[in-house]
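Chemist: Before anything else, here's the structure in question.
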Amino acid sequence: MTIAPQTPQAPAAEPLELLRTMLEEQFALHTQRLTELTVYGRLPGHGGYDRHTLDVLAAASRQAIADAAGALRRMSEGTYGVCEDCGRPIPLGRLRALPHARHCTRCDPGRDGRPR
Ligand SMILES: [Zn+2]
């Protein structure tokens, strides 16, 4: 992943609103998906999914919901966009690619974005 060089600075108000919308959409989408997966899991034949796939998808949705909720909480607390390790602002380019990022590129290359 390449990130355009830029001066690190706290996200301005307008991009922050855009990021908030992206996070709210992520939260809503995965909440709905998790509900669907839960319903499939109760159906005979699991709605055509195998049990393991359902579990993997549900875990990914739960993680995405937690990531989005955490980022929205940090926005309301005013700590959004600041690296949890070094305390520096997370570059806007990284936040656009990964709105729930909790670390700057240097402290956490890739980890925030990889499925666990
Ligand atoms: Zn950092």
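For the structure tokens, the naming scheme is as follows: chains receive sequential letters (A, B, ...) according to their order of presentation, residues are indexed from 1 within each chain, and ligands are indexed from 1 in presentation order.
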Please identify every polymer residue within 6 Å of ligand 1, using only C-alpha atoms and all ligand atoms, and present the set as a count of residues only.
Modeler: 8
Chemist: As a PDB file with N, CA and C atoms, in the first residue's frame, please: the residues near Thr105 (chain A) (cut-off 9 Å, only C-alpha atoms, same-chain neighbours under 6 positions excluded).
Modeler:
```
ATOM      1  N   CYS A  83      -2.904   8.344  16.741  1.00  0.00           N
ATOM      2  CA  CYS A  83      -2.297   7.018  16.927  1.00  0.00           C
ATOM      3  C   CYS A  83      -2.284   6.636  18.403  1.00  0.00           C
ATOM      4  N   ILE A  90      -3.001  10.457  12.745  1.00  0.00           N
ATOM      5  CA  ILE A  90      -2.963   9.460  11.676  1.00  0.00           C
ATOM      6  C   ILE A  90      -3.243  10.192  10.365  1.00  0.00           C
ATOM      7  N   PRO A  91      -2.381  10.010   9.343  1.00  0.00           N
ATOM      8  CA  PRO A  91      -2.589  10.729   8.079  1.00  0.00           C
ATOM      9  C   PRO A  91      -3.979  10.466   7.503  1.00  0.00           C
ATOM     10  N   ARG A  94      -4.591   7.522   5.210  1.00  0.00           N
ATOM     11  CA  ARG A  94      -4.769   6.221   5.863  1.00  0.00           C
ATOM     12  C   ARG A  94      -6.181   6.080   6.409  1.00  0.00           C
TER      13      ARG A  94
END
```
Chemist: Check chain A with DSSP on the backbone and list each residue it calls helix (DSSP H, G or I), as a VMD selection string.
Modeler: chain A and resid 13 to 42 44 to 48 51 to 77 92 to 97 111 to 113
Chemist: Since we have the selection now, will you write its residues out, keeping C-alpha atoms, as a PDB file, in the first residue's frame?
Modeler:
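The new file out15.pdb reads:
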```pdb
ATOM      1  CA  ALA A  13     -14.161  18.900   9.944  1.00  0.00           C
ATOM      2  CA  GLU A  14     -15.385  18.056   6.459  1.00  0.00           C
ATOM      3  CA  PRO A  15     -13.419  14.839   5.846  1.00  0.00           C
ATOM      4  CA  LEU A  16     -14.284  13.815   9.392  1.00  0.00           C
ATOM      5  CA  GLU A  17     -17.983  13.961   8.552  1.00  0.00           C
ATOM      6  CA  LEU A  18     -17.334  11.812   5.493  1.00  0.00           C
ATOM      7  CA  LEU A  19     -15.418   9.298   7.591  1.00  0.00           C
ATOM      8  CA  ARG A  20     -18.216   9.277  10.159  1.00  0.00           C
ATOM      9  CA  THR A  21     -20.703   8.459   7.388  1.00  0.00           C
ATOM     10  CA  MET A  22     -18.466   5.642   6.141  1.00  0.00           C
ATOM     11  CA  LEU A  23     -18.237   4.219   9.669  1.00  0.00           C
ATOM     12  CA  GLU A  24     -21.975   4.478  10.238  1.00  0.00           C
ATOM     13  CA  GLU A  25     -22.581   2.670   6.939  1.00  0.00           C
ATOM     14  CA  GLN A  26     -20.058  -0.027   7.883  1.00  0.00           C
ATOM     15  CA  PHE A  27     -21.764  -0.435  11.252  1.00  0.00           C
ATOM     16  CA  ALA A  28     -25.256  -0.669   9.708  1.00  0.00           C
ATOM     17  CA  LEU A  29     -24.193  -3.019   6.903  1.00  0.00           C
ATOM     18  CA  HIS A  30     -22.470  -5.492   9.194  1.00  0.00           C
ATOM     19  CA  THR A  31     -25.204  -5.344  11.814  1.00  0.00           C
ATOM     20  CA  GLN A  32     -27.673  -6.345   9.108  1.00  0.00           C
ATOM     21  CA  ARG A  33     -25.332  -9.033   7.771  1.00  0.00           C
ATOM     22  CA  LEU A  34     -24.803 -10.475  11.231  1.00  0.00           C
ATOM     23  CA  THR A  35     -28.578 -10.650  11.714  1.00  0.00           C
ATOM     24  CA  GLU A  36     -28.940 -12.494   8.399  1.00  0.00           C
ATOM     25  CA  LEU A  37     -26.147 -14.914   9.278  1.00  0.00           C
ATOM     26  CA  THR A  38     -27.750 -15.600  12.650  1.00  0.00           C
ATOM     27  CA  VAL A  39     -31.028 -16.415  10.897  1.00  0.00           C
ATOM     28  CA  TYR A  40     -29.248 -18.699   8.389  1.00  0.00           C
ATOM     29  CA  GLY A  41     -27.541 -20.490  11.256  1.00  0.00           C
ATOM     30  CA  ARG A  42     -30.933 -21.439  12.704  1.00  0.00           C
ATOM     31  CA  PRO A  44     -32.236 -26.366   8.479  1.00  0.00           C
ATOM     32  CA  GLY A  45     -29.220 -26.652   6.160  1.00  0.00           C
ATOM     33  CA  HIS A  46     -28.075 -23.210   7.343  1.00  0.00           C
ATOM     34  CA  GLY A  47     -29.576 -21.474   4.311  1.00  0.00           C
ATOM     35  CA  GLY A  48     -27.090 -23.179   2.003  1.00  0.00           C
ATOM     36  CA  ARG A  51     -21.374 -24.079   9.460  1.00  0.00           C
ATOM     37  CA  HIS A  52     -17.718 -23.054   9.276  1.00  0.00           C
ATOM     38  CA  THR A  53     -18.343 -20.412   6.583  1.00  0.00           C
ATOM     39  CA  LEU A  54     -21.182 -18.955   8.651  1.00  0.00           C
ATOM     40  CA  ASP A  55     -18.918 -18.758  11.695  1.00  0.00           C
ATOM     41  CA  VAL A  56     -16.117 -17.082   9.731  1.00  0.00           C
ATOM     42  CA  LEU A  57     -18.472 -14.539   8.150  1.00  0.00           C
ATOM     43  CA  ALA A  58     -20.165 -13.828  11.483  1.00  0.00           C
ATOM     44  CA  ALA A  59     -16.796 -13.298  13.187  1.00  0.00           C
ATOM     45  CA  ALA A  60     -15.704 -10.901  10.432  1.00  0.00           C
ATOM     46  CA  SER A  61     -18.959  -8.940  10.742  1.00  0.00           C
ATOM     47  CA  ARG A  62     -18.658  -8.809  14.534  1.00  0.00           C
ATOM     48  CA  GLN A  63     -15.123  -7.465  14.162  1.00  0.00           C
ATOM     49  CA  ALA A  64     -16.240  -4.867  11.596  1.00  0.00           C
ATOM     50  CA  ILE A  65     -19.064  -3.746  13.908  1.00  0.00           C
ATOM     51  CA  ALA A  66     -16.658  -3.453  16.837  1.00  0.00           C
ATOM     52  CA  ASP A  67     -14.130  -1.537  14.704  1.00  0.00           C
ATOM     53  CA  ALA A  68     -16.767   0.921  13.472  1.00  0.00           C
ATOM     54  CA  ALA A  69     -18.340   1.356  16.916  1.00  0.00           C
ATOM     55  CA  GLY A  70     -14.951   1.999  18.486  1.00  0.00           C
ATOM     56  CA  ALA A  71     -14.056   4.602  15.857  1.00  0.00           C
ATOM     57  CA  LEU A  72     -17.417   6.369  16.263  1.00  0.00           C
ATOM     58  CA  ARG A  73     -16.919   6.402  20.022  1.00  0.00           C
ATOM     59  CA  ARG A  74     -13.450   7.939  19.585  1.00  0.00           C
ATOM     60  CA  MET A  75     -15.012  10.596  17.316  1.00  0.00           C
ATOM     61  CA  SER A  76     -17.499  11.555  20.015  1.00  0.00           C
ATOM     62  CA  GLU A  77     -14.703  11.595  22.618  1.00  0.00           C
ATOM     63  CA  LEU A  92      -5.920  11.427   6.391  1.00  0.00           C
ATOM     64  CA  GLY A  93      -4.984   9.165   3.471  1.00  0.00           C
ATOM     65  CA  ARG A  94      -4.769   6.221   5.863  1.00  0.00           C
ATOM     66  CA  LEU A  95      -8.082   7.103   7.521  1.00  0.00           C
ATOM     67  CA  ARG A  96      -9.783   7.332   4.119  1.00  0.00           C
ATOM     68  CA  ALA A  97      -8.533   3.853   3.246  1.00  0.00           C
ATOM     69  CA  ARG A 111      -2.260  -4.707  11.371  1.00  0.00           C
ATOM     70  CA  ASP A 112      -5.433  -2.614  11.693  1.00  0.00           C
ATOM     71  CA  GLY A 113      -6.598  -3.715   8.257  1.00  0.00           C
TER      72      GLY A 113
END
```
